[in-house]
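Peer 1: Before anything else, here's the structure in question.
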Amino acid sequence: MLSAQRVRELYHTLRFRLALWITFIVFLMVVVTNVTVRAFEHRALTRSYDQFLIDSLEDVSHAVARMDQDNRELLFAELQAKRQANEHQSWFAQVFDSSKKLVWASGNSPRLPAPDLIDEFTGPYDEKKHRVNEKKIVLLSGETYYIRCGYLHMELADDLGLVNRNLLFVTICISLAAPLGAYVIAMRAMRPISQIIETAAHLQPTNLNERLPMRGTGDELDQLSCTINGMLDRLASFIDQNRDFVANAAHELRSPLAAIRSSVEVGLNRSRSAEEYATILTDVIEEIGRLAGLVNRLLILAEGDAGRLAGKEQYTSLDKIVSESIDMFSAVAESRGVRLAIGDFSAAVVPGDETYIRQIVRNLIDNAIKYNRDDGEVIVHLRTDLARKQAVLIVQDTGIGIDGEGLSRIFERFYRADKARTREKERAGFGLGLSICRTILQALHGEITVESTVGRGTTFTVLLPLILDPPVNLANQMSATPRIAV
Ligand code: ADP
């Protein structure tokens with residue numbers, strides 16, 4: 001027996017509710033069909049009985065029309081034979097003369113009042129429920145007769161009862177079979193969903209290799225499996241990326257820590273002069289600075305991943321940042337034998353925290369100098385596209401360039417195209433600069449693209465929304481063209 005708890009549980013399953021609905025709909029259809037069939041059957045049977053009555057009335061009228069003194073008995077015998085042939089319908093006929101006196105009646109004729117409803121159906125009107133049709137005929141000889149044919153209405157009711165009983169039997173059969181059939185159909189329909197639930201229940205973040213089976217039917221459930229599989233692919237790749245990210249971060253954090261530790265150990269292993277300690281501490285400070293730089297970069301990426309990179313509501317004068325950065329990098333560029341110059345230069349206010357915007361500009365200029373050749377050149381353009389309401393920053397270098405694989409991966413975290421080609425090993429980065437640029441730009445609805453030819457140089461283009469009506473303090477701040485111009 002099903003407990004109340006089990007029934008409640010069952011009711012909450014989709015297959016049970018689906019089965020209930022199917023049963024209800026089948027039941028409803030059976031009832032409607034039943035009612036319709038009964039109504040049609042009643043009409044059809046009544047019509048066929050009445051038609052028979054009309055035909056038989058015609059037959060009897062023709063027979064009576066042929067009547068004369070000589071063939072009278074023969075004719076009545078003929079009518080009697082007709083009655084016997086239609087006994088199952090309790091058919092009867094009556095012939096009345098012009099004074100409505102019964103002249104002849106078939107053997108089973110009921111006692112009915114004299115005819116008065118000429119050419120019309122009547123009944124069931126007497127206690128035995130006879131349905132009759134009557135007609136007046138006038139013979140060639142001038143004699144008038146009234147003919148009446150009828151049948152027992154109960155016969156019709158019996159036939160209808162048979163139809164009803166058959167219908168009831170079919171209804172009961174369908175009503176019993178419907179819930180069972182509906183449950184089987186619901187089970188079959190829900191089977192793929194059960195498989196989806198089962199597979200999804202197995203999935204663990206540590207093992208996202210399992211995929212839902214595709215039945216190849218292309219129906220909604222197949223589409224659902226396909227969507228979930230796609231989502232699992234994306235989740236697995238996201239988790240892989242994060243795993244790599246954590247591993248790389250740990251690896252990068254380890255190097256400066258190891259350097260700090262060994263410097264401190266060197267300082268401790270014997271007593272040293274004040275100059276030696278100063279050198280060791282300078283090394284330690286340098287490594288701590290590198291460590292702090294890495295942690296800051298990781299924090300920006302983490303904030304970006306969490307969608308918390310604020311600053312969209314702040315404005316920054318991009319021309320001021322570009323101008324400052326060029327001034328700042330001019331000495332470095334000179335020391336590396338790279339010519340750093342400004343090309344087009346327009347005033348532009350963009351959304352974003354000044355620190356983040358500065359980070360983008362410095363990363364790009366720093367890379368352009370770092371990955372350049374001797375006697376190379378870096379040109380920075382700052383343009384505004386008023387039609388598209390965009391500020392366009394272009395950092396163009398004549399450096400080593402980036403190959404196809406590098407181009408598709410340079411925005412990945414910790415990716416470094418070719419560590420061996422970096423001109424200055426001591427300035428080798430973490431491979432995070434460009435991914436930070438992209439993270440910040442995504443948060444500000446900006447964009448970064450790159451074009452490069454190996455051996456000829458690279459061009460980075462940054463697009464940022466342009467603020468057309470900047471706050472007064474920023475508008476006044478707009479800088480003059482930097483000192484180094486083309
Ligand atoms: P890194 O801190 O290593 O510079 P980035 O994310 O800024 O990290 O750059 C990723 C990689 O892209 C670099 O290691 C370098 O190989 C390549 N790259 C970036 N900018 C340039 C450039 N201007 N010219 C050539 N290669 C570049």
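Each chain of the structure tokens is named A, B, ... in the order shown, its residues numbered from 1; ligands are numbered from 1 in display order.
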Would you mind listing what lies within 12 Å of A:Asp385 as a list in words, with only C-alpha atoms counted and same-chain residues fewer than 3 positions away left out?
Peer 2: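 Contacts, with the query itself left out: Ser346, Ala347, Ala348, Leu382, Arg388, Lys389, Gln390, Ala391, Val392, Leu393, Leu463, Leu464, Pro465, Leu466, Ile467 and Leu468 of chain A.
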Peer 1: Please produce a file of the residues just selected, as a PDB file, in the first residue's frame, where the atoms kept are N, CA and C atoms.
Peer 2:
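What ended up in result02.pdb:
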ATOM      1  N   SER A 346      45.298  64.476 -28.783  1.00  0.00           N
ATOM      2  CA  SER A 346      44.060  65.239 -28.550  1.00  0.00           C
ATOM      3  C   SER A 346      43.702  65.132 -27.076  1.00  0.00           C
ATOM      4  N   ALA A 347      42.962  66.115 -26.631  1.00  0.00           N
ATOM      5  CA  ALA A 347      42.473  66.060 -25.259  1.00  0.00           C
ATOM      6  C   ALA A 347      41.333  65.036 -25.208  1.00  0.00           C
ATOM      7  N   ALA A 348      41.358  64.202 -24.168  1.00  0.00           N
ATOM      8  CA  ALA A 348      40.293  63.186 -24.063  1.00  0.00           C
ATOM      9  C   ALA A 348      40.045  62.825 -22.614  1.00  0.00           C
ATOM     10  N   LEU A 382      47.229  59.734 -29.553  1.00  0.00           N
ATOM     11  CA  LEU A 382      45.969  59.811 -28.802  1.00  0.00           C
ATOM     12  C   LEU A 382      44.988  60.608 -29.654  1.00  0.00           C
ATOM     13  N   ARG A 388      31.993  58.189 -33.096  1.00  0.00           N
ATOM     14  CA  ARG A 388      31.747  56.957 -32.310  1.00  0.00           C
ATOM     15  C   ARG A 388      31.856  57.210 -30.813  1.00  0.00           C
ATOM     16  N   LYS A 389      32.120  58.439 -30.425  1.00  0.00           N
ATOM     17  CA  LYS A 389      32.301  58.820 -29.021  1.00  0.00           C
ATOM     18  C   LYS A 389      33.358  57.921 -28.367  1.00  0.00           C
ATOM     19  N   GLN A 390      34.536  57.878 -29.020  1.00  0.00           N
ATOM     20  CA  GLN A 390      35.597  57.019 -28.510  1.00  0.00           C
ATOM     21  C   GLN A 390      36.915  57.772 -28.428  1.00  0.00           C
ATOM     22  N   ALA A 391      37.699  57.442 -27.393  1.00  0.00           N
ATOM     23  CA  ALA A 391      39.085  57.912 -27.340  1.00  0.00           C
ATOM     24  C   ALA A 391      39.930  56.757 -27.863  1.00  0.00           C
ATOM     25  N   VAL A 392      40.890  57.068 -28.747  1.00  0.00           N
ATOM     26  CA  VAL A 392      41.691  56.007 -29.362  1.00  0.00           C
ATOM     27  C   VAL A 392      43.152  56.220 -28.994  1.00  0.00           C
ATOM     28  N   LEU A 393      43.706  55.249 -28.274  1.00  0.00           N
ATOM     29  CA  LEU A 393      45.118  55.331 -27.889  1.00  0.00           C
ATOM     30  C   LEU A 393      45.873  54.266 -28.687  1.00  0.00           C
ATOM     31  N   LEU A 463      40.567  51.323 -27.230  1.00  0.00           N
ATOM     32  CA  LEU A 463      39.382  52.166 -27.425  1.00  0.00           C
ATOM     33  C   LEU A 463      38.693  52.339 -26.078  1.00  0.00           C
ATOM     34  N   LEU A 464      38.381  53.583 -25.740  1.00  0.00           N
ATOM     35  CA  LEU A 464      37.678  53.852 -24.480  1.00  0.00           C
ATOM     36  C   LEU A 464      36.519  54.795 -24.758  1.00  0.00           C
ATOM     37  N   PRO A 465      35.417  54.670 -24.054  1.00  0.00           N
ATOM     38  CA  PRO A 465      34.313  55.622 -24.271  1.00  0.00           C
ATOM     39  C   PRO A 465      34.810  57.047 -23.996  1.00  0.00           C
ATOM     40  N   LEU A 466      34.387  57.974 -24.835  1.00  0.00           N
ATOM     41  CA  LEU A 466      34.840  59.368 -24.688  1.00  0.00           C
ATOM     42  C   LEU A 466      33.769  60.156 -23.941  1.00  0.00           C
ATOM     43  N   ILE A 467      34.181  60.865 -22.893  1.00  0.00           N
ATOM     44  CA  ILE A 467      33.218  61.692 -22.149  1.00  0.00           C
ATOM     45  C   ILE A 467      33.160  63.053 -22.842  1.00  0.00           C
ATOM     46  N   LEU A 468      31.994  63.378 -23.400  1.00  0.00           N
ATOM     47  CA  LEU A 468      31.898  64.597 -24.209  1.00  0.00           C
ATOM     48  C   LEU A 468      31.712  65.856 -23.361  1.00  0.00           C
TER      49      LEU A 468
END
Peer 1: Would you mind listing what lies within 6 Å of A:Glu354 as a ChimeraX atom specification, with only C-alpha atoms counted and same-chain residues fewer than 3 positions away left out?
Peer 2: /A:316,357-358
Peer 1: Any idea what's packed within 7 Å of stretch 145-161 of chain A, counting only C-alpha atoms, ignoring anything in its chain fewer than 6 positions away? Could you give it as a ChimeraX atom specification?
Peer 2: /A:42,53,57,61,89-98,100,124,129-138
Peer 1: I need the residues in stretch 262-405 of chain A that are helix (DSSP H, G or I) according to DSSP; give them as a ChimeraX atom specification.
Peer 2: /A:262-268,274-305,318-335,354-370,404-405
Peer 1: Find, counting only C-alpha atoms and all ligand atoms, the residue in A:Asp469, A:Tyr371, A:Ala236, A:Gly376 that gets nearest to ligand 1.
Peer 2: A:Tyr371
Peer 1: Could you list, with a cut-off of 8 Å and counting only C-alpha atoms and all ligand atoms, the residues of chain A near ligand 1, each shown with its nearest atom pair and the distance in Å rounded to one decimal, rows sorted by chain and ascending number, as a tab-separated table?
Peer 2:
residue	atom	partner	partner_atom_place_in_ligand_line	distance
A:Asn363	CA	ligand 1	7 (O)	6.1
A:Leu364	CA	ligand 1	20 (N)	6.7
A:Ile365	CA	ligand 1	23 (N)	7.8
A:Asp366	CA	ligand 1	4 (O)	7.9
A:Asn367	CA	ligand 1	20 (N)	4.6
A:Ala368	CA	ligand 1	23 (N)	3.9
A:Ile369	CA	ligand 1	23 (N)	7.3
A:Lys370	CA	ligand 1	23 (N)	7.4
A:Tyr371	CA	ligand 1	24 (N)	4.7
A:Asn372	CA	ligand 1	24 (N)	6.6
A:Gln396	CA	ligand 1	23 (N)	7.7
A:Asp397	CA	ligand 1	23 (N)	6.4
A:Gly399	CA	ligand 1	24 (N)	5.8
A:Ile400	CA	ligand 1	25 (C)	5.5
A:Gly401	CA	ligand 1	25 (C)	4.5
A:Ile402	CA	ligand 1	26 (N)	5.2
A:Gly406	CA	ligand 1	12 (O)	7.0
A:Leu407	CA	ligand 1	12 (O)	7.9
A:Ile410	CA	ligand 1	12 (O)	4.7
A:Phe411	CA	ligand 1	6 (O)	6.2
A:Glu412	CA	ligand 1	6 (O)	7.5
A:Arg413	CA	ligand 1	6 (O)	7.1
A:Phe414	CA	ligand 1	6 (O)	6.9
A:Tyr415	CA	ligand 1	10 (C)	5.6
A:Arg416	CA	ligand 1	14 (O)	3.2
A:Ala417	CA	ligand 1	16 (O)	3.5
A:Asp418	CA	ligand 1	16 (O)	5.2
A:Lys419	CA	ligand 1	14 (O)	6.5
A:Arg421	CA	ligand 1	16 (O)	7.8
A:Thr422	CA	ligand 1	16 (O)	7.3
A:Ala428	CA	ligand 1	3 (O)	6.0
A:Gly429	CA	ligand 1	2 (O)	3.2
A:Phe430	CA	ligand 1	2 (O)	4.4
A:Gly431	CA	ligand 1	8 (O)	3.1
A:Leu432	CA	ligand 1	6 (O)	4.2
A:Gly433	CA	ligand 1	7 (O)	3.6
A:Leu434	CA	ligand 1	6 (O)	3.7
A:Ser435	CA	ligand 1	6 (O)	5.7
A:Ile436	CA	ligand 1	6 (O)	7.5
A:Ser452	CA	ligand 1	24 (N)	7.8
A:Gly457	CA	ligand 1	24 (N)	6.6
A:Thr458	CA	ligand 1	23 (N)	5.4
A:Thr459	CA	ligand 1	23 (N)	7.0
A:Phe460	CA	ligand 1	23 (N)	7.5
Peer 1: So which one's closest to A:Leu14, A:Val26, A:Tyr183, A:Asn164, A:Leu102? Using only C-alpha atoms, please.
Peer 2: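 Of A:Val26, A:Tyr183, A:Asn164, A:Leu102, the one nearest A:Leu14, counting only C-alpha atoms, is A:Tyr183.
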Peer 1: To one decimal place, how far is atom CA of A:Val395 from atom CA of A:Val380 in Å?
Peer 2: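 So the two atoms, atom CA of A:Val395 and atom CA of A:Val380, lie 4.6 Å apart.
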Peer 1: DSSP on the backbone, strand (DSSP E or B) only: what residues of stretch 77-227 of chain A does that give? Format it as a VMD selection string.
Peer 2: chain A and resid 92 to 97 102 to 105 121 to 122 130 to 138 144 to 152 204 207
Peer 1: Write out as a list in words each polymer residue whose atoms come within 10 Å of A:Ala19, counting only C-alpha atoms; drop sequence neighbours fewer than 2 positions from it.
Peer 2: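 Answer for this query is Leu14, Arg15, Phe16, Arg17, Trp21, Ile22, Thr23, Phe24, Ile25, Ala178, Pro179, Leu180, Gly181, Ala182, Tyr183, Val184, Ile185, Ala186 and Met187 of chain A.
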